[in-house]
Amino acid sequence: MELNRIQCPCYFEKGFNWRGVRGDNANSLRLVMRRFKSPDNKPRVKHASRINFYLLEYWKTWILYLTTPNPSNMIPPPNIEERHVKELLLCGPGPCNLLPSVRQALTGPILSPICDEYFDIMSDIRIGLKYAFQTKTELILAVSGSGHSGMECIITNLLGPKDTLLIAKRGIWDLRAETIAYKHGIPTYKTEVPITATFSFEQIEAELKRLRPTALFITHGDSSTGTVQKLEGLGHICHKYGTLLLVDTVVSLGAEPFFMDEWEIDAVYTSTQKAFSGPAGIAPVAFSELAQQKINNRTHEPPFYFDIKLLARQWNCFEKRKEYHHTLSPPLIWALRCCLIELSKETLQRAWDRHASTTALFHKFLKELGFEFLIPKPEDRLTTVTTVKVPSGCSEQDFLKYIRQKHGIVIFGGLGPTVGKALRVGIMGVNSTPAIADRVAKAMADTARGCTKSKI
């Protein structure tokens, strides 16, 4: 075997730089180099031919490693160990466990954001979202990010510093809407109710009449309090005062009845990790024709990432342009498409009925077992997330730890205004079944007993 520059170029370089090699490694390398070079700096072909090819390849790699610059301040490579995580029954306010078909969909092929298949999938998603939201609007798509990205998208596309936003505050998500508006210089007003109640239309209309805001933001299902807000007829009231209606349906869509067009809702967003039983990270949004008029005539500019005019071109909402805005996650697109297929197979009415009947059964179990609901009126209770008061003699953290370790069930404590006041239990999506409702209720009863005994 003859050495040449292609096989081992460093052996033939004149003025070889040893500055990157130190100590024993340098001595070893020099010995190897002498074996391959004669005094006149020519390769010893006779000796080289005795060297096994694989040994030569090893030394080539070793030489390259030793001569690579290694500054003293360079961060060493980390040793990231494998983690084996046991899947638990996720019965908090979200996320919930994945549908088996969605889990499989996440392994779909990675697609280029400008290929035909990519746009075909986005078309499927838009058709499915029209069904889920019950709307005929063309300005409907999904933005990259969690539910908060949907919130920021609808607020910043419709409102600017010269507009005003009225926020119907009863939970943490309304506070988040206020924060987003503040960061974009949008003036806000608030009307509030206790965390255990929902809004009357009389209260909202009085504020609309007094303030005449550009838009009203309200949460349909609030996972921090466990309440569901009546919306039918509210859009008509808003439009009477020239106000757009913006709605959060992250924890309610697919589980609670919702009719965007019939209820005259102007902008709405949701997310996939709740009743859809999908992964978080992609947020569907929809805008009415009235909202589109506002967008087309706006005098402010929203963030580039959430600019619905640009996103509508990428999603081919009005014409087939195949424009590139940003690269959405292909696994999340496959997953959302699968969620919508499963919802269409079951149908909305059956999904609504399943969630209602399962939650009614769950509430019956809890009442028989002695738990006290945070929300006193049954008609105000959300079907996807139930809030119950922490049992006497238990701490919130002890309860959550016990039920997870002994029963393999994850539920959450309070959030925002309900911190320390409630346990939040989610029976939704793929987990909305009588068997799981029974299992979770019995586990909660056992946990209440176990926590009390541990205190004695």
# chains A, B, ... in the order shown; residues from 1 in each chain; ligands from 1

$ residues_around --residues "stretch 293-298 of chain A" --least-positions-apart "5" --cutoff "12 Å" --atoms "only C-alpha atoms" --output "count of residues only"
26

$ residues_around --residues "A:Ile427" --least-positions-apart "6" --cutoff "10 Å" --atoms "only C-alpha atoms" --output "CSV table (one decimal) with C-alpha atoms, in the first residue's frame"
chain,number,residue,atom,x,y,z
A,90,LEU,CA,-52.5,12.8,32.4
A,91,CYS,CA,-55.7,14.1,34.1
A,92,GLY,CA,-54.7,17.7,34.7
A,93,PRO,CA,-56.0,20.7,32.8
A,94,GLY,CA,-53.8,19.7,29.9
A,96,CYS,CA,-53.9,15.0,28.1
A,274,LYS,CA,-56.6,19.5,25.4
A,275,ALA,CA,-59.8,17.9,24.1
A,355,HIS,CA,-67.6,14.7,27.3
A,358,THR,CA,-68.5,11.4,31.3
A,359,THR,CA,-68.1,14.5,33.3
A,362,PHE,CA,-67.3,11.9,37.3
A,383,THR,CA,-66.8,19.7,31.1
A,384,THR,CA,-63.1,19.3,30.5
A,385,VAL,CA,-61.6,20.6,33.8
A,386,THR,CA,-63.2,20.1,37.2
A,433,THR,CA,-64.4,7.7,29.3
A,434,PRO,CA,-66.5,6.3,32.2
A,436,ILE,CA,-61.1,6.7,33.6
A,437,ALA,CA,-63.6,8.8,35.4
A,440,VAL,CA,-59.6,8.9,38.9

$ atom_distance --atom1 "atom CA of A:Leu129" --atom2 "atom CA of A:Ala142"
8.9 Å

$ select_by_dssp --residues "stretch 64-272 of chain A" --states "helix (DSSP H, G or I)" --output "count of residues only"
70

$ select_by_dssp --residues "stretch 49-292 of chain A" --states "strand (DSSP E or B)" --output "NGL selection string"
:A and (89-90 or 140-144 or 165-169 or 188-192 or 215-219 or 221-222 or 227-228 or 244-248 or 253 or 256 or 267-269 or 282-287)

$ write_last_selection --atoms "C-alpha atoms" --output "mmCIF file, in the first residue's frame"
data_model
loop_
_atom_site.group_PDB
_atom_site.id
_atom_site.type_symbol
_atom_site.label_atom_id
_atom_site.label_comp_id
_atom_site.auth_asym_id
_atom_site.auth_seq_id
_atom_site.Cartn_x
_atom_site.Cartn_y
_atom_site.Cartn_z
ATOM 1 C CA LEU A 89 -52.370 9.049 33.093
ATOM 2 C CA LEU A 90 -52.531 12.782 32.422
ATOM 3 C CA ILE A 140 -58.562 30.121 9.080
ATOM 4 C CA LEU A 141 -55.204 28.453 9.710
ATOM 5 C CA ALA A 142 -52.793 27.381 12.456
ATOM 6 C CA VAL A 143 -49.855 29.345 13.871
ATOM 7 C CA SER A 144 -46.677 27.889 15.303
ATOM 8 C CA LEU A 165 -59.611 46.231 24.475
ATOM 9 C CA LEU A 166 -62.169 45.319 27.110
ATOM 10 C CA ILE A 167 -61.189 42.166 29.012
ATOM 11 C CA ALA A 168 -63.789 40.069 30.810
ATOM 12 C CA LYS A 169 -61.578 38.858 33.658
ATOM 13 C CA THR A 188 -57.206 47.964 28.124
ATOM 14 C CA TYR A 189 -60.209 48.024 30.429
ATOM 15 C CA LYS A 190 -61.421 45.229 32.697
ATOM 16 C CA THR A 191 -64.713 44.001 34.003
ATOM 17 C CA GLU A 192 -64.556 41.269 36.618
ATOM 18 C CA ALA A 215 -62.872 44.548 20.950
ATOM 19 C CA LEU A 216 -63.963 42.374 23.868
ATOM 20 C CA PHE A 217 -61.745 39.487 24.960
ATOM 21 C CA ILE A 218 -63.402 36.623 26.823
ATOM 22 C CA THR A 219 -62.482 33.032 27.661
ATOM 23 C CA GLY A 221 -63.626 27.551 28.999
ATOM 24 C CA ASP A 222 -61.296 28.665 31.780
ATOM 25 C CA THR A 227 -65.841 27.539 34.515
ATOM 26 C CA VAL A 228 -67.500 27.751 31.110
ATOM 27 C CA LEU A 244 -65.396 42.819 17.887
ATOM 28 C CA LEU A 245 -65.671 39.606 19.936
ATOM 29 C CA LEU A 246 -62.406 37.701 20.623
ATOM 30 C CA VAL A 247 -62.655 34.260 22.244
ATOM 31 C CA ASP A 248 -60.250 31.758 23.841
ATOM 32 C CA LEU A 253 -63.140 23.304 21.584
ATOM 33 C CA GLU A 256 -68.169 22.065 24.606
ATOM 34 C CA ALA A 267 -61.708 35.958 16.226
ATOM 35 C CA VAL A 268 -61.013 32.698 18.001
ATOM 36 C CA TYR A 269 -58.048 30.494 18.794
ATOM 37 C CA ILE A 282 -49.598 24.552 17.146
ATOM 38 C CA ALA A 283 -52.535 26.931 17.602
ATOM 39 C CA PRO A 284 -55.495 27.116 15.179
ATOM 40 C CA VAL A 285 -57.000 30.589 14.656
ATOM 41 C CA ALA A 286 -59.973 31.939 12.689
ATOM 42 C CA PHE A 287 -61.210 35.427 11.788
#
